[in-house]
>>> print(open('structure_29.cif').read())   # mmCIF, C-alpha atoms
data_model
#
loop_
_atom_site.label_atom_id
_atom_site.label_comp_id
_atom_site.auth_asym_id
_atom_site.auth_seq_id
_atom_site.Cartn_x
_atom_site.Cartn_y
_atom_site.Cartn_z
CA MET A 1 -14.42 0.95 -28.33
CA THR A 2 -13.47 2.67 -25.10
CA PHE A 3 -12.09 0.93 -22.05
CA SER A 4 -12.52 2.11 -18.48
CA ASP A 5 -9.60 2.41 -16.09
CA GLU A 6 -11.19 -0.44 -14.16
CA THR A 7 -10.92 -2.65 -17.24
CA LEU A 8 -7.31 -1.64 -17.78
CA GLY A 9 -6.58 -2.44 -14.15
CA ALA A 10 -8.17 -5.84 -14.54
CA TYR A 11 -6.03 -6.37 -17.63
CA VAL A 12 -2.75 -5.78 -15.79
CA ASP A 13 -4.07 -7.86 -12.88
CA GLY A 14 -4.59 -10.75 -15.29
CA GLU A 15 -8.31 -10.79 -14.58
CA LEU A 16 -9.91 -10.03 -17.95
CA ASP A 17 -11.89 -12.68 -19.74
CA ALA A 18 -10.36 -13.87 -22.99
CA ALA A 19 -12.74 -11.96 -25.28
CA THR A 20 -12.27 -8.58 -23.60
CA ARG A 21 -8.54 -9.16 -23.43
CA ALA A 22 -8.35 -9.86 -27.13
CA ALA A 23 -10.40 -6.75 -27.91
CA LEU A 24 -8.20 -4.64 -25.68
CA GLU A 25 -4.99 -5.94 -27.18
CA ALA A 26 -6.28 -5.33 -30.68
CA ALA A 27 -7.26 -1.76 -29.76
CA MET A 28 -3.92 -1.18 -28.10
CA ALA A 29 -2.10 -1.89 -31.34
CA THR A 30 -3.76 1.03 -33.08
CA ASP A 31 -4.34 3.41 -30.18
CA PRO A 32 -1.14 4.78 -28.68
CA GLN A 33 -3.05 6.61 -25.95
CA LEU A 34 -4.58 3.38 -24.81
CA ALA A 35 -1.15 1.80 -24.77
CA VAL A 36 0.09 4.65 -22.58
CA ARG A 37 -2.81 4.20 -20.16
CA ILE A 38 -2.05 0.51 -19.88
CA ALA A 39 1.64 1.16 -19.38
CA ARG A 40 0.73 3.54 -16.59
CA GLN A 41 -1.45 0.93 -14.88
CA ARG A 42 1.30 -1.63 -15.22
CA ALA A 43 3.85 0.77 -13.78
CA LEU A 44 1.61 1.56 -10.82
CA ARG A 45 1.12 -2.10 -10.02
CA MET A 46 4.85 -2.67 -10.15
CA GLN A 47 5.63 0.45 -8.14
CA VAL A 48 3.30 -0.56 -5.33
CA ARG A 49 4.57 -4.10 -5.29
CA GLU A 50 8.19 -3.00 -5.19
CA ALA A 51 7.57 -0.48 -2.45
CA PHE A 52 6.74 -3.32 -0.05
CA ALA A 53 9.01 -5.99 -1.48
CA PRO A 54 11.92 -5.21 0.88
CA VAL A 55 9.88 -6.50 3.82
CA LEU A 56 10.26 -10.01 2.42
CA SER A 57 14.01 -9.94 2.81
CA GLU A 58 14.04 -8.48 6.30
CA PRO A 59 15.02 -10.89 9.05
CA VAL A 60 11.91 -12.17 10.78
CA PRO A 61 11.81 -11.13 14.44
CA GLU A 62 12.51 -13.97 16.81
CA ARG A 63 9.28 -13.41 18.73
CA LEU A 64 7.26 -14.14 15.58
CA LEU A 65 9.23 -17.28 14.78
CA ALA A 66 8.67 -18.47 18.33
CA ALA A 67 4.95 -17.72 18.10
CA ALA A 68 4.68 -19.55 14.76
CA ARG A 69 6.41 -22.60 16.23
CA GLY A 70 3.80 -22.49 18.96
CA LEU A 71 6.25 -22.12 21.79
CA PRO A 72 4.56 -21.19 25.05
CA ALA A 73 5.16 -17.58 25.98
CA ALA A 74 7.53 -18.47 28.80
CA ALA A 75 9.87 -20.32 26.47
CA ARG A 76 10.10 -17.46 24.05
CA PRO A 77 13.01 -15.16 23.91
CA GLY A 78 12.17 -11.78 25.41
CA ASN A 79 9.88 -9.46 23.56
CA VAL A 80 12.46 -8.69 20.92
CA LEU A 81 11.72 -5.55 18.97
CA ALA A 82 11.26 -5.90 15.26
CA PHE A 83 14.06 -3.43 14.72
CA PRO A 84 16.59 -3.58 17.49
CA ALA A 85 18.39 -0.31 18.02
CA ARG A 86 21.29 0.02 15.67
CA PRO A 87 24.55 1.11 17.15
CA ARG A 88 24.54 4.87 17.10
CA PRO A 89 26.18 5.78 13.83
CA ARG A 90 28.83 8.43 13.56
CA TRP A 91 27.29 10.89 11.16
CA SER A 92 29.17 11.83 8.07
CA TRP A 93 28.12 13.62 4.95
CA PRO A 94 27.85 10.59 2.68
CA GLN A 95 25.32 9.03 5.04
CA TRP A 96 23.01 11.94 4.84
CA GLY A 97 21.18 10.74 1.80
CA ALA A 98 20.00 7.70 3.71
CA ILE A 99 19.26 9.75 6.79
CA ALA A 100 17.17 12.14 4.75
CA ALA A 101 15.13 9.26 3.45
CA SER A 102 14.70 7.82 6.91
CA LEU A 103 13.58 11.08 8.38
CA VAL A 104 10.93 11.98 5.90
CA VAL A 105 8.19 11.03 8.29
CA GLY A 106 4.50 11.05 7.56
CA VAL A 107 4.88 13.39 4.64
CA LEU A 108 3.31 12.80 1.29
CA LEU A 109 6.24 13.41 -1.01
CA GLY A 110 4.68 12.92 -4.41
CA PRO A 111 2.99 16.31 -4.77
CA LEU A 112 5.93 18.08 -3.16
CA LEU A 113 8.32 16.62 -5.68
CA LEU A 114 6.35 16.38 -8.82
CA ARG A 115 4.27 19.44 -9.45
CA PRO A 116 5.80 22.12 -11.66
CA SER A 117 6.61 24.70 -8.96
CA ALA A 118 7.45 22.09 -6.32
CA PRO A 119 9.40 23.20 -3.25
CA LEU A 120 11.40 19.97 -3.34
CA ALA A 121 13.28 18.16 -6.06
CA THR A 122 15.42 15.06 -6.18
CA SER A 123 18.98 15.11 -7.30
CA GLY A 124 21.17 12.03 -7.28
CA GLY A 125 18.90 10.23 -4.83
CA ARG A 126 18.81 13.19 -2.45
CA VAL A 127 16.07 15.66 -1.79
CA VAL A 128 17.02 19.25 -2.43
CA ALA A 129 15.11 22.46 -1.91
CA SER A 130 13.65 24.02 -4.98
CA GLY A 131 11.50 27.00 -5.91
CA VAL A 132 10.14 28.97 -3.01
CA LEU A 133 11.96 26.88 -0.42
CA ALA A 134 15.37 27.24 -2.09
CA ARG A 135 14.87 30.99 -2.39
CA ALA A 136 13.88 31.37 1.24
CA LEU A 137 16.81 29.26 2.44
CA SER A 138 19.25 31.38 0.46
CA GLN A 139 17.71 34.80 1.03
CA GLN A 140 15.41 34.95 4.01
CA LEU A 141 16.74 35.98 7.41
CA ALA A 142 15.11 34.66 10.56
CA SER A 143 15.38 38.17 11.94
CA ALA A 144 13.42 39.68 9.04
CA GLN A 145 10.72 37.34 7.86
CA PRO A 146 8.20 38.68 5.40
CA ARG A 147 4.63 38.48 6.70
CA GLY A 148 2.64 35.64 5.22
CA ALA A 149 5.67 34.06 3.56
CA ALA A 150 5.32 30.45 2.45
CA VAL A 151 8.49 29.54 4.30
CA ALA A 152 9.52 30.48 7.81
CA ILE A 153 13.19 30.17 8.61
CA GLY A 154 14.10 28.94 12.07
CA VAL A 155 17.66 28.56 13.23
CA SER A 156 20.83 28.65 11.18
CA PHE A 157 23.91 26.82 12.37
CA ARG A 158 27.15 25.16 11.38
CA GLY A 159 26.82 21.44 10.73
CA ARG A 160 29.43 18.83 11.53
CA SER A 161 30.93 19.03 8.08
CA GLY A 162 31.48 22.74 8.52
CA GLY A 163 28.71 23.76 6.13
CA TYR A 164 25.67 25.78 7.07
CA CYS A 165 22.31 24.26 7.86
CA ARG A 166 18.98 25.98 8.46
CA SER A 167 15.70 24.79 9.88
CA PHE A 168 12.51 25.81 8.18
CA VAL A 169 8.76 25.44 8.26
CA LEU A 170 7.10 25.18 4.90
CA HIS A 171 3.46 26.18 4.88
CA GLU A 172 1.90 23.95 2.31
CA THR A 173 -1.59 22.51 2.58
CA GLN A 174 -0.07 21.16 5.78
CA SER A 175 2.88 22.53 7.70
CA LEU A 176 6.12 20.71 7.12
CA ALA A 177 9.17 21.29 9.21
CA GLY A 178 12.63 20.36 8.10
CA LEU A 179 16.34 20.93 8.03
CA ALA A 180 18.36 21.81 4.98
CA CYS A 181 22.13 21.92 4.68
CA ARG A 182 24.12 23.75 2.06
CA GLU A 183 25.79 21.32 -0.31
CA GLY A 184 27.59 23.21 -3.05
CA PRO A 185 25.02 25.43 -4.67
CA ALA A 186 22.07 23.38 -3.41
CA TRP A 187 20.22 23.04 -0.13
CA GLU A 188 19.93 19.39 0.70
CA VAL A 189 16.89 18.57 2.79
CA VAL A 190 18.19 16.21 5.46
CA ALA A 191 15.05 15.95 7.55
CA LEU A 192 11.42 16.62 6.90
CA ALA A 193 8.37 15.86 8.98
CA GLN A 194 4.86 16.98 9.50
CA SER A 195 4.92 19.92 11.84
CA ALA A 196 2.75 19.67 14.91
CA ALA A 197 2.17 23.42 14.77
CA PRO A 198 -0.71 24.58 12.60
CA GLY A 199 0.20 26.53 9.52
CA SER A 200 -0.22 30.09 10.70
CA GLY A 201 1.70 32.46 12.91
CA GLY A 202 4.52 30.91 14.82
CA TYR A 203 7.37 32.46 12.88
CA THR A 204 9.31 32.99 16.02
CA GLN A 205 8.62 29.40 16.99
CA ALA A 206 9.91 27.93 13.78
CA SER A 207 12.65 26.17 15.70
CA SER A 208 10.84 25.32 18.92
CA ALA A 209 7.94 23.79 16.98
CA LEU A 210 10.18 21.30 15.21
CA PRO A 211 8.84 17.75 15.28
CA PRO A 212 10.96 15.32 17.32
CA ALA A 213 12.48 13.61 14.30
CA VAL A 214 13.72 16.94 12.99
CA SER A 215 14.95 18.39 16.26
CA ARG A 216 16.82 15.16 16.95
CA THR A 217 18.64 15.50 13.66
CA LEU A 218 19.38 19.10 14.51
CA ASP A 219 20.92 17.99 17.80
CA GLU A 220 23.05 15.45 15.97
CA LEU A 221 24.35 17.94 13.47
CA ILE A 222 24.79 21.21 15.24
CA VAL A 223 28.27 22.34 16.14
CA GLY A 224 28.38 25.14 18.67
CA GLU A 225 25.54 27.57 19.00
CA PRO A 226 23.01 28.67 16.39
CA LEU A 227 23.97 31.83 14.52
CA ASP A 228 22.72 35.11 15.90
CA ALA A 229 21.23 37.75 13.61
CA ALA A 230 24.64 39.20 12.71
CA GLY A 231 26.12 35.76 12.03
CA GLU A 232 23.15 34.87 9.88
CA ALA A 233 23.47 38.03 7.82
CA ALA A 234 27.21 37.48 7.42
CA ALA A 235 26.69 33.89 6.28
CA ARG A 236 24.14 35.04 3.72
CA ALA A 237 26.54 37.70 2.51
CA HIS A 238 29.04 34.90 1.78
CA ASP A 239 26.34 32.95 -0.02
CA TRP A 240 26.40 30.34 2.75
CA ARG A 241 29.87 29.17 1.81
CA PRO A 242 31.66 27.70 4.82
CA MET B 1 -1.01 -28.83 13.80
CA GLN B 2 2.66 -29.44 13.09
CA GLU B 3 1.94 -28.87 9.44
CA LEU B 4 0.26 -25.56 10.21
CA ARG B 5 3.30 -24.47 12.22
CA THR B 6 5.58 -25.26 9.34
CA ASP B 7 3.31 -23.31 6.98
CA LEU B 8 3.23 -20.40 9.40
CA VAL B 9 6.99 -20.14 9.59
CA GLU B 10 7.19 -20.28 5.81
CA LEU B 11 4.51 -17.65 5.36
CA LEU B 12 5.90 -15.25 7.96
CA PRO B 13 7.63 -12.94 5.48
CA ARG B 14 4.43 -12.55 3.44
CA LEU B 15 2.30 -12.06 6.54
CA ARG B 16 4.69 -9.36 7.67
CA ARG B 17 4.52 -7.66 4.29
CA PHE B 18 0.73 -7.81 4.25
CA ALA B 19 0.57 -6.37 7.77
CA ARG B 20 3.02 -3.64 6.79
CA VAL B 21 0.74 -2.43 4.03
CA LEU B 22 -2.13 -2.26 6.50
CA ALA B 23 -0.41 -0.86 9.55
CA ARG B 24 2.63 0.78 8.04
CA ASN B 25 4.38 1.20 11.36
CA ALA B 26 6.69 -1.82 11.48
CA HIS B 27 6.20 -2.57 15.13
CA ASP B 28 2.40 -2.38 14.98
CA ALA B 29 2.53 -4.56 11.87
CA ASP B 30 4.52 -7.26 13.65
CA ASP B 31 2.12 -7.10 16.59
CA LEU B 32 -0.67 -7.81 14.13
CA VAL B 33 1.23 -10.77 12.73
CA GLN B 34 1.78 -12.12 16.21
CA THR B 35 -1.91 -11.80 17.08
CA ALA B 36 -2.84 -13.51 13.82
CA ILE B 37 -0.45 -16.39 14.48
CA GLU B 38 -1.79 -16.94 17.96
CA ARG B 39 -5.37 -16.90 16.71
CA ALA B 40 -4.54 -19.24 13.85
CA LEU B 41 -2.97 -21.78 16.19
CA ALA B 42 -5.89 -21.47 18.60
CA HIS B 43 -8.38 -22.08 15.80
CA ALA B 44 -6.41 -24.55 13.72
CA GLY B 45 -9.51 -26.73 13.58
CA GLN B 46 -11.25 -24.20 11.34
CA LEU B 47 -8.65 -24.57 8.62
CA ARG B 48 -10.19 -26.38 5.68
CA ALA B 49 -8.04 -28.67 3.64
CA ASP B 50 -9.45 -27.37 0.37
CA LEU B 51 -8.48 -23.73 1.00
CA PRO B 52 -5.02 -22.24 0.71
CA VAL B 53 -3.48 -21.63 4.13
CA ALA B 54 -2.18 -18.22 3.05
CA GLY B 55 -5.66 -16.91 2.31
CA TRP B 56 -6.98 -18.20 5.60
CA LEU B 57 -4.15 -16.47 7.45
CA PHE B 58 -4.62 -13.21 5.57
CA GLY B 59 -8.27 -13.31 6.61
CA ILE B 60 -7.31 -13.83 10.26
CA LEU B 61 -4.81 -11.00 10.07
CA ARG B 62 -7.43 -8.75 8.52
CA HIS B 63 -9.77 -9.45 11.42
CA ALA B 64 -6.98 -8.77 13.91
CA TRP B 65 -6.38 -5.46 12.15
CA ILE B 66 -10.05 -4.51 12.27
CA ASP B 67 -10.22 -5.38 15.96
CA GLU B 68 -7.11 -3.40 16.65
CA GLN B 69 -8.51 -0.35 14.89
CA ARG B 70 -11.76 -0.56 16.76
CA ALA B 71 -9.87 -0.77 20.01
CA ARG B 72 -7.77 2.22 19.25
CA GLY B 73 -10.33 4.30 17.47
CA ARG B 74 -9.39 5.98 14.29
CA ARG B 75 -7.68 8.92 15.79
CA GLY B 76 -4.08 9.24 14.80
CA ARG B 77 -4.24 6.49 12.19
CA LEU B 78 -4.04 8.73 9.17
CA PHE B 79 -0.66 10.13 9.97
CA ALA B 80 2.14 8.62 11.92
CA ALA B 81 2.11 10.16 15.36
CA ALA B 82 5.31 11.80 16.49
CA GLU B 83 6.46 8.83 18.58
CA SER B 84 5.53 6.12 16.14
CA GLY B 85 7.11 8.24 13.46
CA GLU B 86 10.42 7.15 14.82
CA GLN B 87 9.53 3.57 14.21
CA VAL B 88 8.46 4.39 10.70
CA ALA B 89 11.78 6.10 10.25
CA ASP B 90 13.56 3.08 11.61
CA SER B 91 11.91 0.66 9.27
CA ALA B 92 12.36 2.93 6.31
CA HIS B 93 15.99 3.60 7.01
CA GLY B 94 17.83 3.96 3.77
CA ALA B 95 14.82 3.28 1.61
CA PRO B 96 14.79 5.13 -1.69
CA LEU B 97 12.57 8.18 -1.70
CA GLU B 98 10.36 6.82 -4.41
CA THR B 99 9.62 3.81 -2.23
CA LEU B 100 8.73 6.10 0.63
CA ALA B 101 6.50 8.20 -1.56
CA VAL B 102 4.61 5.09 -2.68
CA GLN B 103 4.31 3.77 0.87
CA ASP B 104 3.06 7.16 1.98
CA ALA B 105 0.47 7.24 -0.74
CA VAL B 106 -0.76 3.73 0.10
CA ALA B 107 -0.93 4.63 3.80
CA ARG B 108 -3.25 7.50 2.92
CA LEU B 109 -5.81 5.37 1.15
CA PRO B 110 -9.06 4.65 2.95
CA GLU B 111 -8.78 1.36 4.83
CA GLU B 112 -10.89 -0.76 2.52
CA GLN B 113 -9.01 0.45 -0.54
CA ARG B 114 -5.70 -0.18 1.16
CA LEU B 115 -6.78 -3.72 1.92
CA ALA B 116 -7.65 -4.29 -1.74
CA VAL B 117 -4.27 -2.91 -2.77
CA ALA B 118 -2.50 -5.12 -0.23
CA LEU B 119 -4.17 -8.29 -1.43
CA VAL B 120 -4.21 -7.75 -5.19
CA LEU B 121 -1.31 -5.43 -6.03
CA VAL B 122 1.14 -6.40 -3.33
CA GLU B 123 0.27 -10.04 -2.59
CA GLY B 124 -0.77 -10.78 -6.15
CA LEU B 125 -3.92 -12.68 -5.19
CA SER B 126 -6.75 -13.20 -7.66
CA TYR B 127 -9.87 -11.06 -7.42
CA LYS B 128 -11.76 -14.11 -6.23
CA GLU B 129 -9.33 -14.85 -3.42
CA ALA B 130 -9.10 -11.21 -2.39
CA ALA B 131 -12.88 -10.74 -2.34
CA HIS B 132 -13.23 -13.90 -0.27
CA ILE B 133 -10.74 -12.63 2.30
CA MET B 134 -12.40 -9.22 2.39
CA GLU B 135 -15.82 -10.88 2.68
CA VAL B 136 -17.27 -8.76 -0.12
CA PRO B 137 -18.60 -9.49 -3.62
CA ILE B 138 -16.04 -9.31 -6.44
CA GLY B 139 -17.73 -6.19 -7.82
CA THR B 140 -17.08 -4.38 -4.54
CA LEU B 141 -13.46 -5.43 -4.62
CA THR B 142 -12.95 -4.23 -8.20
CA SER B 143 -14.53 -0.86 -7.58
CA ARG B 144 -12.41 -0.34 -4.45
CA LEU B 145 -9.38 -1.32 -6.42
CA ALA B 146 -10.24 1.11 -9.21
CA ARG B 147 -10.74 3.96 -6.74
CA ALA B 148 -7.49 3.09 -5.02
CA ARG B 149 -5.59 3.16 -8.31
CA GLU B 150 -7.09 6.48 -9.23
CA ALA B 151 -6.17 7.94 -5.84
CA LEU B 152 -2.64 6.54 -5.99
CA GLN B 153 -2.04 7.97 -9.43
CA ALA B 154 -3.32 11.33 -8.29
CA MET B 155 -1.13 11.27 -5.18
CA LEU B 156 1.95 10.11 -7.01
CA GLY B 157 1.61 12.98 -9.41
CA ASP B 158 0.57 11.09 -12.48
CA ALA B 159 -2.56 13.19 -12.81
CA THR B 160 -0.52 16.27 -13.61
CA GLU B 161 0.69 14.80 -16.87
CA HIS B 162 -2.58 13.19 -17.77
CA SER B 163 -5.47 15.58 -17.81
CA GLY B 164 -7.85 13.37 -19.78
#
>>> encode(input="structure_29.cif", output="structure tokens")
Amino acid sequence: MTFSDETLGAYVDGELDAATRAALEAAMATDPQLAVRIARQRALRMQVREAFAPVLSEPVPERLLAAARGLPAAARPGNVLAFPARPRPRWSWPQWGAIAASLVVGVLLGPLLLRPSAPLATSGGRVVASGVLARALSQQLASAQPRGAAVAIGVSFRGRSGGYCRSFVLHETQSLAGLACREGPAWEVVALAQSAAPGSGGYTQASSALPPAVSRTLDELIVGEPLDAAGEAAARAHDWRP
Amino acid sequence: MQELRTDLVELLPRLRRFARVLARNAHDADDLVQTAIERALAHAGQLRADLPVAGWLFGILRHAWIDEQRARGRRGRLFAAAESGEQVADSAHGAPLETLAVQDAVARLPEEQRLAVALVLVEGLSYKEAAHIMEVPIGTLTSRLARAREALQAMLGDATEHSG
């Protein structure tokens, strides 16, 4: 007996009638592939649920509490934002993991992380460049970009920690712009967002076309001026060691 | 009325979560919740004693969401616009990447599939309750749910390891 994905979904949703459930559970005992498919459905349900669970423990904005209590608008506290501005943090390297996560804006990460030749990988909760992106960050000079390359390098500069950072535009099915900073042998991606610029041309604009979230991070991190062509070449010659 | 207010305050975290699945942007989501609360209090007379308050409120919020989308048009809803992106970033501050990847994938589902995911997978409602809120037959709900699951698995990379 074969079971459709819809049936397996209904099983993990607790919606199967008793007879089908019994048949499914009996089949599961002898069919490891079926068991794997069910485990996958169960994992997906849990993954989705957990992705939104943190909302439940967020403080409820005052304006919503006031509305729920039926207070007239005049009696309500001002139009308090759901997420009042946090005090401007002083950036430091250990915070970057969290910043990276917060600045991955509007980008579908799954395919970028999970396919075999992915340009991104995770390492200890951080996103690091991999494959074509890692190679470009280590090798490619903004002053000598190969035509039609998958990655365009923008500016290179010294970050607050003293290490080198580089901006890039990754031409995937969509254009993604980001910043990566050298951390040991790896390039940690500290910001990534959908690039407003379409995926062709624009090599020379790789920095000016940065989405706001990325250019803001750049402004936070940059110390001094971006490297010129000679500085870039020299940094590459030292393998981007500070 | 007082009872409804008490229920509303209690249900606020769930309403916010539900709205977040639909709207994604935290600020827009809270605006939806606020609209839903105001409508609920204005139409408290329509609340039937034999129906769970949560389901009634989810239905009101769904309508508020539909109205909002009509008003805005669909442009710019698929991806976070540059400005609203900052709000997304704010709400997601410090969230693990896997969480973000899942939220991203859900945000990319077609609206009706996302609604089914919100009600069944996130809120844990029964098919019957969810179909009632969506105002569709159960069969429509289950097929939307199945398509949503397939799309999510594909987006989250599961398809690469499972070619069958």
>>> resolve_selection(input="structure_29.cif", expression="the PyMOL selection byres ((chain B and resi 65) around 12)", output="ChimeraX atom specification")
/B:18-24,28-36,58-64,66-73,111-112,115
>>> write_last_selection(input="structure_29.cif", atoms="C-alpha atoms", output="compact mmCIF listing (two decimals), keeping the file's coordinate frame")
# COMPACT_ATOMS: atom_id res chain seq x y z
CA PHE B 18 0.73 -7.81 4.25
CA ALA B 19 0.57 -6.37 7.77
CA ARG B 20 3.02 -3.64 6.79
CA VAL B 21 0.74 -2.43 4.03
CA LEU B 22 -2.13 -2.26 6.50
CA ALA B 23 -0.41 -0.86 9.55
CA ARG B 24 2.63 0.78 8.04
CA ASP B 28 2.40 -2.38 14.98
CA ALA B 29 2.53 -4.56 11.87
CA ASP B 30 4.52 -7.26 13.65
CA ASP B 31 2.12 -7.10 16.59
CA LEU B 32 -0.67 -7.81 14.13
CA VAL B 33 1.23 -10.77 12.73
CA GLN B 34 1.78 -12.12 16.21
CA THR B 35 -1.91 -11.80 17.08
CA ALA B 36 -2.84 -13.51 13.82
CA PHE B 58 -4.62 -13.21 5.57
CA GLY B 59 -8.27 -13.31 6.61
CA ILE B 60 -7.31 -13.83 10.26
CA LEU B 61 -4.81 -11.00 10.07
CA ARG B 62 -7.43 -8.75 8.52
CA HIS B 63 -9.77 -9.45 11.42
CA ALA B 64 -6.98 -8.77 13.91
CA ILE B 66 -10.05 -4.51 12.27
CA ASP B 67 -10.22 -5.38 15.96
CA GLU B 68 -7.11 -3.40 16.65
CA GLN B 69 -8.51 -0.35 14.89
CA ARG B 70 -11.76 -0.56 16.76
CA ALA B 71 -9.87 -0.77 20.01
CA ARG B 72 -7.77 2.22 19.25
CA GLY B 73 -10.33 4.30 17.47
CA GLU B 111 -8.78 1.36 4.83
CA GLU B 112 -10.89 -0.76 2.52
CA LEU B 115 -6.78 -3.72 1.92
>>> residues_around(input="structure_29.cif", residues="A:Gly162", least_positions_apart="3", cutoff="7 Å", atoms="all atoms listed in the file", output="PDB file with C-alpha atoms, keeping the file's coordinate frame")
ATOM      1  CA  ARG A 158      27.150  25.160  11.380  1.00  0.00           C
ATOM      2  CA  GLY A 159      26.820  21.440  10.730  1.00  0.00           C
ATOM      3  CA  PRO A 242      31.660  27.700   4.820  1.00  0.00           C
TER       4      PRO A 242
END
>>> atom_distance(input="structure_29.cif", atom1="atom CA of A:Leu24", atom2="atom CA of A:Gln41")
13.9 Å
>>> atom_distance(input="structure_29.cif", atom1="atom CA of A:Val151", atom2="atom CA of B:Thr99")
26.6 Å
>>> closest_residue(input="structure_29.cif", among="A:Ser167, A:Asp13, A:Val48, A:Met1", to="A:Met28", atoms="only C-alpha atoms")
A:Met1
>>> closest_residue(input="structure_29.cif", among="A:Pro211, A:Pro119, A:Gly163, A:Gly184", to="chain B", atoms="all atoms listed in the file")
A:Pro211
>>> resolve_selection(input="structure_29.cif", expression="the PyMOL selection byres ((chain A and resi 144) around 12)", output="PyMOL selection string")
chain A and resi 136+139-143+145-147+149+152-154+203-204+229-230+232-233
>>> atom_distance(input="structure_29.cif", atom1="atom CA of B:Gln2", atom2="atom CA of A:Val55")
25.8 Å
>>> resolve_selection(input="structure_29.cif", expression="the PyMOL selection byres ((chain A and resi 130) around 10)", output="ChimeraX atom specification")
/A:112-113,117-122,127-129,131-137,186-188
>>> closest_residue(input="structure_29.cif", among="A:Ala66, A:Arg236, A:Thr7, A:Ala180", to="A:Ala23", atoms="all atoms listed in the file")
A:Thr7
>>> closest_residue(input="structure_29.cif", among="A:Arg182, A:Arg69, A:Arg241, A:Arg160", to="chain B", atoms="only C-alpha atoms")
A:Arg69
>>> closest_residue(input="structure_29.cif", among="A:Ser215, A:Thr30, A:Ser138, A:Ser156", to="chain B", atoms="only C-alpha atoms")
A:Ser215
>>> residues_around(input="structure_29.cif", residues="B:Ile133", least_positions_apart="4", cutoff="12 Å", atoms="only C-alpha atoms", output="list in words")
Leu51, Pro52, Val53, Ala54, Gly55, Trp56, Leu57, Phe58, Gly59, Ile60, Leu61, Arg62, His63, Glu112, Leu115, Ala116, Ala118, Leu119, Val120, Leu125, Ser126, Tyr127, Lys128, Glu129, Pro137, Ile138 and Leu141 of chain B
>>> residues_around(input="structure_29.cif", residues="B:Gly139", least_positions_apart="2", cutoff="12 Å", atoms="only C-alpha atoms", output="compact mmCIF listing (two decimals) with C-alpha atoms, in the frame of the given file")
# COMPACT_ATOMS: atom_id res chain seq x y z
CA GLU A 6 -11.19 -0.44 -14.16
CA ALA A 10 -8.17 -5.84 -14.54
CA ALA B 116 -7.65 -4.29 -1.74
CA TYR B 127 -9.87 -11.06 -7.42
CA LYS B 128 -11.76 -14.11 -6.23
CA ALA B 130 -9.10 -11.21 -2.39
CA ALA B 131 -12.88 -10.74 -2.34
CA HIS B 132 -13.23 -13.90 -0.27
CA MET B 134 -12.40 -9.22 2.39
CA GLU B 135 -15.82 -10.88 2.68
CA VAL B 136 -17.27 -8.76 -0.12
CA PRO B 137 -18.60 -9.49 -3.62
CA LEU B 141 -13.46 -5.43 -4.62
CA THR B 142 -12.95 -4.23 -8.20
CA SER B 143 -14.53 -0.86 -7.58
CA ARG B 144 -12.41 -0.34 -4.45
CA LEU B 145 -9.38 -1.32 -6.42
CA ALA B 146 -10.24 1.11 -9.21
